[in-house]
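Engineer: This structure is in structure tokens; I'll ask about it shortly.
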Amino acid sequence: MEILRFTFMQRALFIGLIVGVLGATLGVFVVLKRLSFMGAGISHAAFGGIALGYFLGWDPILTAVIFCISVGIGISMLIENNRIKEDTAVGIFFTSTMALGILLIGLKEGYNIDLFGYLFGNILAVGREDLVISLAIGAIIAFSLYFFFKELILSILDPEMARVIGLPVSFLNHLLVALIALFIVISVRIVGIILVSALLTIPAATALQWSKNLRKVLVLSSIDSLGCVLGGLALSYYLDTSPGATIVILATLVFFTTFLLPLPLKKK
Amino acid sequence: MQEPIIEVKNVSFYYPPLEVLEDVNLTVKKGEFLAIIGPNGGGKTTLLKIILGLLKPQKGEVYIAGKRVEELGKWRSKIGYVPQTAQIDYTFPITVEEFVMTGRFGLIGLGKRPQAHDWEMVRKALREVKMEEWSKKQIGELSGGQRQKILIARSLALEPEILILDEPTTAVDPESSESFYELLLRLHEQGITIITVSHDVGVVAQYVDSIACLNRRLIKHDRPEEVIREGVLEEMYGREAAFFHHGAIPHIVVRETPPER
Ligand SMILES: Nc1ncnc2c1ncn2[C@@H]1O[C@H](COP(=O)(O)OP(=O)(O)OP(=O)(O)O)[C@@H](O)[C@H]1O
Ligand SMILES: [Mg+2]
């Protein structure tokens, strides 16, 4: 395995491992709660967050974490009483945060941000500190999903009943959005802002075609996602293509292959 | 069987400009079996949601077991509820038994998983509604009436102290409906407080302790027979309502023209 000789590749694969499993698991909640577009919206907000970090001279990734969580919870609060429809709220934040990013970058004279790297991913830029951040944030996501598993399930399946039995439904909604924001921030290095929401959507959507059993869906989604992320990274190395784009195309191929398979092969 | 467990005090509720409930007062004693009847749009579902704390009235208060409903906390996990229309995504990858288990999530507590005892209660609830052989099916594979039965099972699975049922038998067949009311009667005998909304006055009148008639305003009758006999129904449903008596059981038929009496 010659690709493992490179430190950047080792690091990318390590993050890929975390991102693959967590994206698949979190993605099942995202798809079931119909938050795919929300995921895309928050990931584009990361652009604003990164630019803000540069502008203020703060760590761009950490600024983006806080920025994305605020935007996510902001959207989730706006739509809470159904005064504004979710796609409208996402549509507004999606564009305005990107506009803010473009504005800030323009204002900062002589900027030298690796814009392209943030937008489309840049595995060469994965540093030691990224490993630590991914591990820490990954642990937070994994713990939250494990700890609130059944509460999240009920709040998605039947929010009214969740409130009747006393679950903190709006906290759970905000939590899910915050987890999406955290996930996006750790995946940006590998797939980039533009494509990151694919990791939250495609493997979960593929797995949901295979099974109607939640546990199986979670396992299948993880296998699919890990295969696509790690496989995509390796392929991109040999084909000399963009890693993020390779991962997403691979996942999409699996999705459509599954989609076209005759029904009796699936849904066991 | 004397202390009040649910107290609705001076509740008014508006969907502006519509006044849905006007100064409603209702006391339900512990162990009481109460039916709420009334015409479509009379405010029955609204009242139940206010009792459950899902809607907040513009005026008045609701107390459950002596606490304001907003501050019920852990006590909430003892309330079973069957909604009239559940907003459930039936494509969700969850089996019937897992679905029924969600009723117990408040009892089980944060960060914990269902134990053997919890599954025992789920199986018992599914047996009560005769749905045990469907337990491994995905919820989307059920018929309308079967879906209503698992909603009922979910409300039973949490070993409720209070059961709040909003037209729980509209979709189920007469035989299942009857065995459901027999089940409610057994639960009633065990001391569970039950509130059920129904349009079938004649049927519920045989089982309940009291009937509340709700059409914006609420009038409670502590003897169900009163409701059937003394022209209460005509007043509530309007003159067009005629009553036919099949043996001991009266039925309501709504007619275009006033009946001869
Ligand atoms: N979300 C809402 N917005 C505005 N008005 C509403 C809303 N929900 C209910 N209403 C109105 O409140 C009134 C009471 O409705 P409710 O659902 O409580 O009636 P109900 O007694 O349960 O009727 P049914 O027998 O048809 O179930 C109705 O006139 C209805 O039009
Ligand atoms: Mg109703």
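The way I read the labels, and the way they are meant: chains A, B, ... in the order of the structure tokens, residue 1 as the first residue of every chain, and ligand 1 as the first ligand shown, with later ones counted on from there.
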Name the residues of region 17-260 of chain B that fall into strand (DSSP E or B) according to DSSP on the backbone, using the chain letters and numbers of this document, as a ChimeraX atom specification.
Structural biologist: /B:18-29,33-37,59-64,67-68,79-82,95,138,162-166,193-197,210-215,217-221,241-246,249-254
Engineer: Can you pull out every residue within 12 Å of Val82 (chain B), counting only C-alpha atoms, but drop anything in the same chain fewer than 6 positions away, and send it as an NGL selection string?
Structural biologist: (:A and (160-161 or 164)) or (:B and (45 or 48-49 or 52 or 100 or 103 or 147-157 or 160 or 162-170 or 194-197))
Engineer: Limited to N, CA, C and O atoms, could you put the picked residues into a file as a compact mmCIF listing (two decimals), in the first residue's frame?
Structural biologist:
```
# COMPACT_ATOMS: atom_id res chain seq x y z
N GLU A 160 -45.18 15.35 18.61
CA GLU A 160 -46.25 15.66 19.56
C GLU A 160 -46.21 14.71 20.75
O GLU A 160 -46.29 15.13 21.91
N MET A 161 -46.06 13.41 20.47
CA MET A 161 -45.99 12.44 21.55
C MET A 161 -44.75 12.67 22.40
O MET A 161 -44.78 12.53 23.62
N VAL A 164 -45.69 15.17 24.80
CA VAL A 164 -46.63 14.67 25.81
C VAL A 164 -45.89 13.92 26.92
O VAL A 164 -46.17 14.12 28.10
N THR B 45 -60.90 18.26 20.84
CA THR B 45 -59.46 18.02 20.66
C THR B 45 -58.66 19.15 21.28
O THR B 45 -57.64 18.92 21.95
N LEU B 48 -58.47 18.65 25.02
CA LEU B 48 -57.53 17.60 25.39
C LEU B 48 -56.08 18.09 25.27
O LEU B 48 -55.25 17.83 26.13
N LYS B 49 -55.81 18.82 24.20
CA LYS B 49 -54.44 19.32 24.02
C LYS B 49 -54.06 20.34 25.09
O LYS B 49 -52.90 20.42 25.47
N LEU B 52 -53.20 18.37 28.12
CA LEU B 52 -51.88 17.74 27.97
C LEU B 52 -50.74 18.76 27.95
O LEU B 52 -49.56 18.39 27.91
N VAL B 100 -44.37 0.85 19.76
CA VAL B 100 -45.11 0.82 21.02
C VAL B 100 -44.18 1.14 22.19
O VAL B 100 -44.56 1.82 23.14
N GLY B 103 -43.66 4.74 23.68
CA GLY B 103 -44.53 5.24 24.75
C GLY B 103 -43.84 5.23 26.11
O GLY B 103 -44.16 6.04 26.97
N ARG B 147 -53.28 0.65 12.57
CA ARG B 147 -52.46 1.77 13.03
C ARG B 147 -53.06 2.40 14.28
O ARG B 147 -52.36 2.75 15.21
N GLN B 148 -54.40 2.51 14.27
CA GLN B 148 -55.04 3.07 15.45
C GLN B 148 -54.83 2.16 16.67
O GLN B 148 -54.62 2.63 17.77
N LYS B 149 -54.84 0.84 16.41
CA LYS B 149 -54.63 -0.09 17.52
C LYS B 149 -53.23 0.04 18.12
O LYS B 149 -53.07 -0.09 19.33
N ILE B 150 -52.22 0.28 17.26
CA ILE B 150 -50.88 0.39 17.87
C ILE B 150 -50.71 1.73 18.60
O ILE B 150 -49.92 1.84 19.52
N LEU B 151 -51.48 2.74 18.18
CA LEU B 151 -51.47 4.00 18.94
C LEU B 151 -52.06 3.76 20.33
O LEU B 151 -51.57 4.26 21.33
N ILE B 152 -53.13 2.95 20.35
CA ILE B 152 -53.73 2.59 21.63
C ILE B 152 -52.73 1.80 22.47
O ILE B 152 -52.51 2.09 23.64
N ALA B 153 -52.09 0.82 21.82
CA ALA B 153 -51.11 -0.01 22.54
C ALA B 153 -50.00 0.85 23.12
O ALA B 153 -49.56 0.64 24.26
N ARG B 154 -49.56 1.83 22.36
CA ARG B 154 -48.48 2.70 22.85
C ARG B 154 -48.92 3.44 24.11
O ARG B 154 -48.13 3.60 25.04
N SER B 155 -50.19 3.87 24.13
CA SER B 155 -50.64 4.61 25.32
C SER B 155 -50.79 3.68 26.52
O SER B 155 -50.69 4.11 27.66
N LEU B 156 -51.03 2.39 26.26
CA LEU B 156 -51.18 1.43 27.37
C LEU B 156 -49.82 0.96 27.89
O LEU B 156 -49.68 0.63 29.06
N ALA B 157 -48.83 0.95 26.97
CA ALA B 157 -47.53 0.36 27.31
C ALA B 157 -46.84 1.09 28.44
O ALA B 157 -45.99 0.52 29.12
N PRO B 160 -50.24 3.68 32.23
CA PRO B 160 -50.66 5.04 32.54
C PRO B 160 -51.45 5.16 33.84
O PRO B 160 -52.11 4.22 34.24
N ILE B 162 -53.15 8.17 33.89
CA ILE B 162 -54.21 8.90 33.21
C ILE B 162 -54.17 8.51 31.74
O ILE B 162 -53.11 8.47 31.13
N LEU B 163 -55.34 8.19 31.19
CA LEU B 163 -55.42 7.87 29.76
C LEU B 163 -56.28 8.93 29.09
O LEU B 163 -57.41 9.17 29.53
N ILE B 164 -55.76 9.55 28.06
CA ILE B 164 -56.52 10.58 27.35
C ILE B 164 -56.68 10.13 25.90
O ILE B 164 -55.69 9.96 25.18
N LEU B 165 -57.93 9.89 25.51
CA LEU B 165 -58.17 9.24 24.22
C LEU B 165 -59.06 10.12 23.35
O LEU B 165 -60.16 10.50 23.76
N ASP B 166 -58.57 10.45 22.16
CA ASP B 166 -59.34 11.32 21.28
C ASP B 166 -59.93 10.49 20.14
O ASP B 166 -59.25 10.17 19.18
N GLU B 167 -61.18 10.15 20.26
CA GLU B 167 -61.86 9.26 19.31
C GLU B 167 -61.00 8.05 18.96
O GLU B 167 -60.61 7.84 17.82
N PRO B 168 -60.71 7.23 19.98
CA PRO B 168 -59.76 6.14 19.78
C PRO B 168 -60.30 5.01 18.91
O PRO B 168 -59.51 4.18 18.45
N THR B 169 -61.59 4.96 18.69
CA THR B 169 -62.12 3.79 17.98
C THR B 169 -62.75 4.14 16.63
O THR B 169 -63.45 3.32 16.05
N THR B 170 -62.48 5.33 16.10
CA THR B 170 -63.11 5.71 14.83
C THR B 170 -62.78 4.77 13.69
O THR B 170 -63.59 4.52 12.82
N ILE B 194 -59.63 7.93 33.19
CA ILE B 194 -59.74 7.88 31.73
C ILE B 194 -60.63 9.01 31.22
O ILE B 194 -61.72 9.24 31.75
N ILE B 195 -60.13 9.72 30.21
CA ILE B 195 -60.98 10.68 29.50
C ILE B 195 -61.02 10.23 28.05
O ILE B 195 -59.97 10.03 27.43
N THR B 196 -62.21 10.03 27.52
CA THR B 196 -62.28 9.65 26.12
C THR B 196 -63.26 10.54 25.37
O THR B 196 -64.31 10.92 25.91
N VAL B 197 -62.88 10.92 24.17
CA VAL B 197 -63.78 11.67 23.31
C VAL B 197 -64.46 10.67 22.41
O VAL B 197 -63.82 9.75 21.90
```
Engineer: Mind giving me the straight-line distance from CA of Pro243 (chain A) to CA of Val191 (chain A) in Å, one decimal?
Structural biologist: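 Computing it gives 6.7 Å between the two atoms.
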Engineer: Listing only residues of chain B within 7 Å of ligand 1, what is the closest atom pair and its distance in Å (to one decimal) for each, using only C-alpha atoms and all ligand atoms, sorted by chain and residue number ascending, as CSV?
Structural biologist:
```
residue,atom,partner,partner_atom_place_in_ligand_line,distance
B:Tyr15,CA,ligand 1,4 (C),5.1
B:Val20,CA,ligand 1,13 (C),5.2
B:Gly38,CA,ligand 1,21 (O),6.3
B:Pro39,CA,ligand 1,25 (O),5.6
B:Asn40,CA,ligand 1,25 (O),3.4
B:Gly41,CA,ligand 1,19 (O),3.4
B:Gly42,CA,ligand 1,21 (O),3.8
B:Gly43,CA,ligand 1,18 (O),3.2
B:Lys44,CA,ligand 1,21 (O),3.7
B:Thr45,CA,ligand 1,22 (O),3.6
B:Thr46,CA,ligand 1,18 (O),3.7
B:Leu47,CA,ligand 1,18 (O),6.4
```
Engineer: Run DSSP on the backbone of this structure and report the residues of region 26-254 of chain A it assigns to alpha helix (DSSP H), as number ranges by chain.
Structural biologist: A: 26-32, 36-56, 60-78, 86-107, 115-120, 128-147, 149-157, 159-164, 169-191, 197-210, 214-239, 243-254
Engineer: Quick one: pull the distance between CA of Ala205 (chain B) and CA of Ser176 (chain B), Å, one decimal.
Structural biologist: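 Calculated distance between CA of Ala205 (chain B) and CA of Ser176 (chain B) is 17.6 Å.
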Engineer: Which residues are close to Ile94 (chain B), i.e. within 8 Å by only C-alpha atoms, leaving aside same-chain residues fewer than 3 positions away? Reply as a PyMOL selection string.
Structural biologist: (chain A and resi 212-214) or (chain B and resi 98-99+138-139)
Engineer: Next, dump the selected residues to file, keeping only C-alpha atoms, as a compact mmCIF listing (two decimals), in the first residue's frame.
Structural biologist:
```
# COMPACT_ATOMS: atom_id res chain seq x y z
CA LYS A 212 -36.72 -0.95 7.07
CA ASN A 213 -34.92 -1.88 10.26
CA LEU A 214 -33.29 1.09 11.94
CA GLU B 98 -40.36 -0.63 18.75
CA PHE B 99 -43.06 1.90 18.03
CA GLN B 138 -42.77 -2.23 9.89
CA ILE B 139 -45.43 0.32 10.92
```
Engineer: Using only C-alpha atoms, what does the table of chain A residues within 8 Å of chain B look like, with each row giving the shortest atom pair and its distance in Å to one decimal, sorted by chain and ascending number, as a Markdown table?
Structural biologist:
```
| residue | atom | partner | partner_atom | distance |
| --- | --- | --- | --- | --- |
| A:Leu32 | CA | B:Phe92 | CA | 7.2 |
| A:Tyr146 | CA | B:Gly111 | CA | 7.5 |
| A:Phe147 | CA | B:Gly111 | CA | 4.5 |
| A:Phe148 | CA | B:Gly111 | CA | 6.0 |
| A:Phe149 | CA | B:Gly111 | CA | 7.7 |
| A:Lys150 | CA | B:Phe105 | CA | 7.2 |
| A:Glu151 | CA | B:Phe105 | CA | 7.3 |
| A:Leu154 | CA | B:Thr102 | CA | 6.5 |
| A:Leu157 | CA | B:Ile88 | CA | 5.9 |
| A:Asp158 | CA | B:Ile88 | CA | 5.4 |
| A:Glu160 | CA | B:Gln87 | CA | 7.6 |
| A:Met161 | CA | B:Tyr81 | CA | 7.8 |
| A:Arg163 | CA | B:Leu54 | CA | 7.3 |
| A:Val164 | CA | B:Leu52 | CA | 6.5 |
| A:Ile165 | CA | B:Ser77 | CA | 4.7 |
| A:Gly166 | CA | B:Arg76 | CA | 5.6 |
| A:Leu167 | CA | B:Gly106 | CA | 6.9 |
| A:Leu208 | CA | B:Pro93 | CA | 7.8 |
| A:Ser211 | CA | B:Pro93 | CA | 7.6 |
| A:Lys212 | CA | B:Pro93 | CA | 4.4 |
| A:Asn213 | CA | B:Pro93 | CA | 5.2 |
| A:Leu214 | CA | B:Pro93 | CA | 5.3 |
```
Engineer: So the first atom is CA of Ala204 (chain A) and the second is CA of Leu260 (chain A); what is the distance between them in Å, to one decimal place?
Structural biologist: 16.5 Å
Engineer: Need the shell around Asp224 (chain A): protein/DNA/RNA residues with any atom at most 8 Å away, counting only C-alpha atoms. Skip same-chain ones fewer than 2 positions apart. Format as a list in words?
Structural biologist: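 Here the qualifying residues turn out to be Pro203, Ala207, Leu220, Ser221, Ser222, Leu226, Gly227, Cys228 and Ala251 of chain A.
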Engineer: Would you kindly return, as a list in words, each protein, DNA or RNA residue with an atom no farther than 12 Å from any atom of region 54-58 of chain A, considering only C-alpha atoms and excluding same-chain residues fewer than 6 positions away?
Structural biologist: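 Listing them by chain and then by number gives Phe47, Gly48, Ala64, Val65, Ile66, Leu100, Gly101, Ile102, Leu103, Leu104, Ile105, Gly106, Leu107, Lys108, Glu109, Gly110, Tyr111, Asn112, Ile113, Asp114 and Leu115 of chain A.
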Engineer: For the residues in the current selection, export all heavy atoms as a short mmCIF file (atom, residue, chain, number, x, y, z; two decimals), in the first residue's frame.
Structural biologist:
```
data_model
loop_
_atom_site.label_atom_id
_atom_site.label_comp_id
_atom_site.auth_asym_id
_atom_site.auth_seq_id
_atom_site.Cartn_x
_atom_site.Cartn_y
_atom_site.Cartn_z
N PHE A 47 -18.64 28.75 5.09
CA PHE A 47 -17.83 29.68 4.30
C PHE A 47 -17.79 31.06 4.97
O PHE A 47 -16.72 31.66 5.15
CB PHE A 47 -18.40 29.79 2.89
CG PHE A 47 -17.63 30.71 1.99
CD1 PHE A 47 -16.41 30.32 1.45
CD2 PHE A 47 -18.11 31.98 1.70
CE1 PHE A 47 -15.69 31.17 0.62
CE2 PHE A 47 -17.39 32.83 0.87
CZ PHE A 47 -16.17 32.43 0.34
N GLY A 48 -18.96 31.53 5.39
CA GLY A 48 -19.03 32.80 6.11
C GLY A 48 -18.21 32.74 7.40
O GLY A 48 -17.51 33.69 7.75
N ALA A 64 -15.57 28.95 12.51
CA ALA A 64 -16.62 28.33 11.70
C ALA A 64 -17.51 27.42 12.55
O ALA A 64 -18.73 27.36 12.34
CB ALA A 64 -16.01 27.55 10.54
N VAL A 65 -16.90 26.71 13.51
CA VAL A 65 -17.69 25.84 14.39
C VAL A 65 -18.77 26.66 15.08
O VAL A 65 -19.97 26.34 15.02
CB VAL A 65 -16.81 25.17 15.48
CG1 VAL A 65 -17.68 24.45 16.49
CG2 VAL A 65 -15.81 24.22 14.87
N ILE A 66 -18.34 27.76 15.71
CA ILE A 66 -19.28 28.58 16.47
C ILE A 66 -20.29 29.24 15.53
O ILE A 66 -21.49 29.28 15.81
CB ILE A 66 -18.50 29.63 17.29
CG1 ILE A 66 -17.67 28.89 18.34
CG2 ILE A 66 -19.46 30.61 17.97
CD1 ILE A 66 -16.59 29.73 18.96
N LEU A 100 -21.86 37.21 3.12
CA LEU A 100 -21.05 37.80 4.19
C LEU A 100 -19.58 37.39 4.02
O LEU A 100 -18.67 38.22 4.14
CB LEU A 100 -21.57 37.33 5.55
CG LEU A 100 -20.79 37.82 6.77
CD1 LEU A 100 -21.06 39.29 7.01
CD2 LEU A 100 -21.15 37.00 8.01
N GLY A 101 -19.38 36.09 3.74
CA GLY A 101 -18.02 35.59 3.54
C GLY A 101 -17.31 36.32 2.41
O GLY A 101 -16.16 36.76 2.55
N ILE A 102 -18.00 36.47 1.29
CA ILE A 102 -17.40 37.13 0.12
C ILE A 102 -17.06 38.59 0.45
O ILE A 102 -15.98 39.08 0.13
CB ILE A 102 -18.36 37.05 -1.09
CG1 ILE A 102 -18.58 35.57 -1.47
CG2 ILE A 102 -17.83 37.84 -2.28
CD1 ILE A 102 -19.74 35.33 -2.41
N LEU A 103 -17.99 39.21 1.15
CA LEU A 103 -17.79 40.61 1.55
C LEU A 103 -16.55 40.76 2.44
O LEU A 103 -15.70 41.62 2.20
CB LEU A 103 -19.04 41.05 2.33
CG LEU A 103 -19.50 42.47 2.17
CD1 LEU A 103 -20.07 42.67 0.77
CD2 LEU A 103 -20.59 42.76 3.21
N LEU A 104 -16.46 39.90 3.45
CA LEU A 104 -15.36 40.01 4.41
C LEU A 104 -14.02 39.75 3.75
O LEU A 104 -13.02 40.42 4.02
CB LEU A 104 -15.57 39.02 5.57
CG LEU A 104 -16.73 39.36 6.53
CD1 LEU A 104 -16.88 38.27 7.57
CD2 LEU A 104 -16.48 40.71 7.19
N ILE A 105 -14.01 38.76 2.86
CA ILE A 105 -12.75 38.45 2.18
C ILE A 105 -12.31 39.63 1.31
O ILE A 105 -11.14 39.98 1.25
CB ILE A 105 -12.88 37.15 1.37
CG1 ILE A 105 -12.94 35.97 2.33
CG2 ILE A 105 -11.72 36.98 0.40
CD1 ILE A 105 -13.28 34.66 1.69
N GLY A 106 -13.30 40.26 0.68
CA GLY A 106 -13.00 41.43 -0.15
C GLY A 106 -12.48 42.61 0.68
O GLY A 106 -11.61 43.35 0.25
N LEU A 107 -13.01 42.72 1.90
CA LEU A 107 -12.62 43.85 2.75
C LEU A 107 -11.19 43.71 3.28
O LEU A 107 -10.51 44.69 3.51
CB LEU A 107 -13.58 43.95 3.95
CG LEU A 107 -14.94 44.58 3.68
CD1 LEU A 107 -15.80 44.51 4.93
CD2 LEU A 107 -14.78 46.02 3.22
N LYS A 108 -10.78 42.47 3.51
CA LYS A 108 -9.46 42.23 4.09
C LYS A 108 -8.44 42.36 2.98
O LYS A 108 -8.41 41.56 2.05
CB LYS A 108 -9.43 40.83 4.71
CG LYS A 108 -8.15 40.49 5.41
CD LYS A 108 -8.34 40.48 6.91
CE LYS A 108 -7.06 40.03 7.59
NZ LYS A 108 -7.07 40.40 9.01
N GLU A 109 -7.58 43.36 3.11
CA GLU A 109 -6.60 43.59 2.04
C GLU A 109 -5.54 42.50 2.04
O GLU A 109 -5.13 42.00 3.09
CB GLU A 109 -5.94 44.95 2.22
CG GLU A 109 -6.86 46.08 1.78
CD GLU A 109 -6.37 47.42 2.32
OE1 GLU A 109 -5.15 47.63 2.34
OE2 GLU A 109 -7.23 48.21 2.74
N GLY A 110 -5.09 42.17 0.86
CA GLY A 110 -3.99 41.23 0.69
C GLY A 110 -4.27 39.88 1.34
O GLY A 110 -3.40 39.31 2.00
N TYR A 111 -5.44 39.42 1.21
CA TYR A 111 -5.77 38.12 1.83
C TYR A 111 -5.03 36.99 1.11
O TYR A 111 -4.73 37.08 -0.08
CB TYR A 111 -7.28 37.87 1.82
CG TYR A 111 -7.85 37.59 0.45
CD1 TYR A 111 -7.92 36.27 -0.02
CD2 TYR A 111 -8.30 38.62 -0.37
CE1 TYR A 111 -8.43 36.01 -1.27
CE2 TYR A 111 -8.81 38.35 -1.61
CZ TYR A 111 -8.88 37.06 -2.07
OH TYR A 111 -9.39 36.79 -3.30
N ASN A 112 -4.70 36.00 1.86
CA ASN A 112 -4.08 34.85 1.21
C ASN A 112 -4.69 33.57 1.74
O ASN A 112 -4.02 32.70 2.27
CB ASN A 112 -2.56 34.86 1.41
CG ASN A 112 -2.22 34.89 2.89
OD1 ASN A 112 -3.09 35.15 3.72
ND2 ASN A 112 -0.97 34.62 3.22
N ILE A 113 -6.02 33.50 1.66
CA ILE A 113 -6.70 32.29 2.14
C ILE A 113 -6.71 31.26 1.02
O ILE A 113 -6.85 31.62 -0.15
CB ILE A 113 -8.19 32.55 2.47
CG1 ILE A 113 -8.35 33.86 3.22
CG2 ILE A 113 -8.77 31.39 3.23
CD1 ILE A 113 -9.81 34.20 3.44
N ASP A 114 -6.61 30.03 1.43
CA ASP A 114 -6.75 28.95 0.46
C ASP A 114 -8.25 28.72 0.25
O ASP A 114 -8.80 27.74 0.73
CB ASP A 114 -6.05 27.70 1.01
CG ASP A 114 -6.31 26.50 0.13
OD1 ASP A 114 -6.65 26.69 -1.06
OD2 ASP A 114 -6.19 25.38 0.64
N LEU A 115 -8.88 29.67 -0.43
CA LEU A 115 -10.32 29.60 -0.62
C LEU A 115 -10.76 28.30 -1.29
O LEU A 115 -11.69 27.63 -0.86
CB LEU A 115 -10.77 30.74 -1.54
CG LEU A 115 -11.37 31.97 -0.88
CD1 LEU A 115 -11.95 32.87 -1.94
CD2 LEU A 115 -12.44 31.53 0.11
#
```
